[in-house]
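Everything on this sheet refers to the single structure shown next.
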Amino acid sequence: IANDRGRTEAWAREFLVGLDLEMALAKLAPAMVEESPELAMAIFDSIKAVLPRLTAASEMGIALAKRDAATALEWANSIGAHSERTMAMASVATVISGADPARAASSLKSFLQKIQDEYTQRREKDRQQAGVKAEDEFQTSELYEEYLETNGNVLMQPHTPEADYLLKASEQIGFQLAKISPHGALAWAESLAVQIAQAHAISGALSGWSTTAPRQAVDHYMIHYGYDTAMPLYLFENWASQDANTAAAAIYDLQNDGQKSAAIQGVTNGWLESENNLDGLIEWVAQLPPGIDQDKANLAIIAQTSDANPSTAWDLVLQISDPSVRRRAAKDVFALFAVENPQPARSALEAYHAPAEEIEALRRILAVVESP
C-alpha cells in the first residue's frame with residue numbers, strides 16, 4: 001500500500017471479490033488520505049459491507065484528523081449510517097484533543113447533542129405507537145421490567161446507544177481539557193447530552209486534574225462524585241506515580257471501602273509505574289489487611305517483577321490469602337524460579353504449605369527443569 005496506492009486499488013478490484021475486496025479497501029482508504037482525502041472518501045463510499053465500513057470509518061477518522069481537522073470533522077458529520085459516523089467522530093475528536101482540546105470538546109458536544117435529538121424523535125414515535133403516556137415513563141430498571149412483563153412492548157432506552165462509541169473520546173477530551181482548566185473540563189463534561197458520556201468525561205477530567213494537582217482533584221471527587229467508587233483508581237494512580245507515599249497516606253481520607261479498594265489498586269499501579277522504591281511498595285502492601293485488595297496488589301507486583309526477580313515474586317505468592325488465586329500465581333512464578341535457580345526453588349517448595357495435588361504439580365515442574 002505504501003509504495004503505490006493507486007495500483008494497489010486497481011489490483012484489489014481486479015483480483016479480489018466479496019468480503020476480501022471490502023476488507024482490502026477498508027485498509028486502503030485510510031492509507032490513501034495522505035495522498036488524496038477525496039480519493040480516500042470515494043474508496044470508503046464504495047465499501048458496502050458493514051464490518052469493513054466500520055473499520056474504515058474509525059481508521060479514516062484518525063488519518064483525516066491528523067492531516068486536516070476541519071476536513072475530518074466535516075466528513076464525520078456527513079456520514080449517513082449511524083454507527084459509522086459515530087465511530088468516525090470518536091476517532092476524529094480523540095486525535096484533535098491532543099492539539100486543540102477545546103475544539104474537540106465543542107465538536108463532540110454538538111455531535112452528541114445532534115445524535116441524541118435524532119434518537120429522541122425516533123423514541124417518541126416508538127413510545128406513541130406503543131401507547132405509553134409520557135407521564136407513565138418508568139425511571140428504574142425494575143419498573144421497566146414490570147412494564148415489559150405486563151404489556152409485552154419493548155420501548156427504546158432514553159439515551160442513544162450510539163453514545164457508547166464516544167465514551168473513550170469523551171474521557172480523553174475531559175482529560176486534556178482538565179490540564180488547562182479543571183473546572184472548565186468538569187463543566188463541559190456535565191453539559192453533555194447523554195448521561196453515560198457525562199460520567200466518562202467527568203472521570204477523564206478528574207484524572208487529568210490529578211496529573212497536575214492530585215490532592216485538589218481527590219478532594220473535589222469526594223465532595224461531588226464520591227458515589228462513583230471506581231474513579232479513585234485513576235486519580236490515585238496518577239498521584240502515586242508522582243508521590244507514592246503521600247498518595248498511599250491519603251487513602252485513609254476516603255469515605256468507604258469501595259473507594260479505598262480502587263485507590264489501593266491505583267496506588268499500586270502508579271507506584272509500579274514510577275519504578276521508585278519497589279521495596280517500599282512491597283512493605284506497604286504487606287501492611288494492608290489480608291484479603292482481596294492485598295491479593296490484587298501483590299498480583300500486580302508479581303506480574304511486573306517475576307521475570308526479573310522470581311525469588312522475590314515467590315515470597316509475594318506466599319502472602320496471597322485466596323487459595324485459588326495463590327495456586328495459579330504459584331504455578332507461574334515457580335516455573336520461573338526453578339529455571340533461574342533450581343536448588344533455592346526446591347528449598348522453597350519444601351517449605352510451601354498447600355494441598356498435595358498443588359505440591360505435586362510444582363514438583364513436576366521442578367523435575368522437568370532438573371532433568372538432563
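Ordering of the C-alpha cells sets the chain letters (A, B, ...); residue numbers start at 1 within each chain; ligands are numbered from 1 in the order shown.
Proximity to Gly266 of chain A at 7 Å, evaluated using only C-alpha atoms and with sequence-adjacent residues fewer than 4 positions away removed, yields Leu233, Tyr234, Phe236, Glu237, Ala262 and Gly270 of chain A.
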List as a compact mmCIF listing (two decimals) with N, CA, C and O atoms, in the first residue's frame the protein and nucleic acid residues near segment 71-78 of chain A, meaning an atom at most 7 Å away when only C-alpha atoms are counted, but skip any in the same chain fewer than 3 places from it.
# COMPACT_ATOMS: atom_id res chain seq x y z
N GLY A 61 -10.99 8.28 10.20
CA GLY A 61 -11.13 9.41 11.11
C GLY A 61 -9.79 9.81 11.69
O GLY A 61 -9.47 11.01 11.79
N LEU A 64 -7.56 11.34 8.70
CA LEU A 64 -8.02 12.67 8.29
C LEU A 64 -7.75 13.73 9.36
O LEU A 64 -7.34 14.85 9.05
N ALA A 65 -8.00 13.38 10.61
CA ALA A 65 -7.80 14.35 11.70
C ALA A 65 -6.33 14.74 11.83
O ALA A 65 -6.02 15.90 12.15
N ASP A 68 -5.99 17.18 8.54
CA ASP A 68 -6.77 18.42 8.48
C ASP A 68 -8.02 18.25 9.34
O ASP A 68 -8.98 17.57 8.96
N ARG A 85 -20.79 6.91 11.44
CA ARG A 85 -20.49 8.33 11.70
C ARG A 85 -19.98 8.52 13.11
O ARG A 85 -19.11 9.36 13.37
N ALA A 88 -16.39 7.28 13.40
CA ALA A 88 -15.52 8.26 12.75
C ALA A 88 -15.32 9.48 13.65
O ALA A 88 -14.18 9.95 13.83
N MET A 89 -16.41 9.99 14.21
CA MET A 89 -16.29 11.16 15.08
C MET A 89 -15.47 10.86 16.33
O MET A 89 -14.70 11.71 16.81
N VAL A 92 -11.89 11.10 15.22
CA VAL A 92 -11.52 12.48 14.88
C VAL A 92 -11.36 13.31 16.16
O VAL A 92 -10.36 14.01 16.35
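Using only C-alpha atoms, the shortest contact distance between Asp322 of chain A and any of A:Ala99, A:Ala354, A:Leu166, A:Ile251 is found at A:Ala354.
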(message) Would you pick out the contacts of Ala187 of chain A at 10 Å or less, using only C-alpha atoms, so that residues sharing its chain but fewer than 5 positions from it are not included, and give the list as a ChimeraX atom specification?
(response) /A:174,181-182,192,198,201-202,205
(message) Ranking A:Leu366, A:Val33, A:Ala356, A:Ile173 by minimum distance to Ser203 of chain A and counting only C-alpha atoms, which one comes first?
(response) A:Ile173
Within 7 Å of Ile62 of chain A using only C-alpha atoms, minus same-chain residues under 4 positions, as an mmCIF file with C-alpha atoms, in the first residue's frame:
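And here is the file that came out, part_4.cif:
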data_model
loop_
_atom_site.group_PDB
_atom_site.id
_atom_site.type_symbol
_atom_site.label_atom_id
_atom_site.label_comp_id
_atom_site.auth_asym_id
_atom_site.auth_seq_id
_atom_site.Cartn_x
_atom_site.Cartn_y
_atom_site.Cartn_z
ATOM 1 C CA SER A 58 -12.563 4.559 12.517
ATOM 2 C CA LYS A 66 -4.009 14.152 11.623
ATOM 3 C CA SER A 91 -11.539 8.913 16.185
ATOM 4 C CA VAL A 92 -11.521 12.478 14.881
ATOM 5 C CA VAL A 95 -6.957 12.920 17.658
#
(request) One decimal, Å: what's the distance from atom CA of Pro214 of chain A over to atom CA of Lys296 of chain A, could you say? (result)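 Straight-line distance from atom CA of Pro214 of chain A to atom CA of Lys296 of chain A works out to 23.2 Å.
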(request) Determine the nearest neighbour of Ala40 of chain A from the options A:Glu9, A:Phe337, A:Asp20, A:Tyr227, counting only C-alpha atoms. (result)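 Using only C-alpha atoms, Ala40 of chain A sits closest to A:Glu9.
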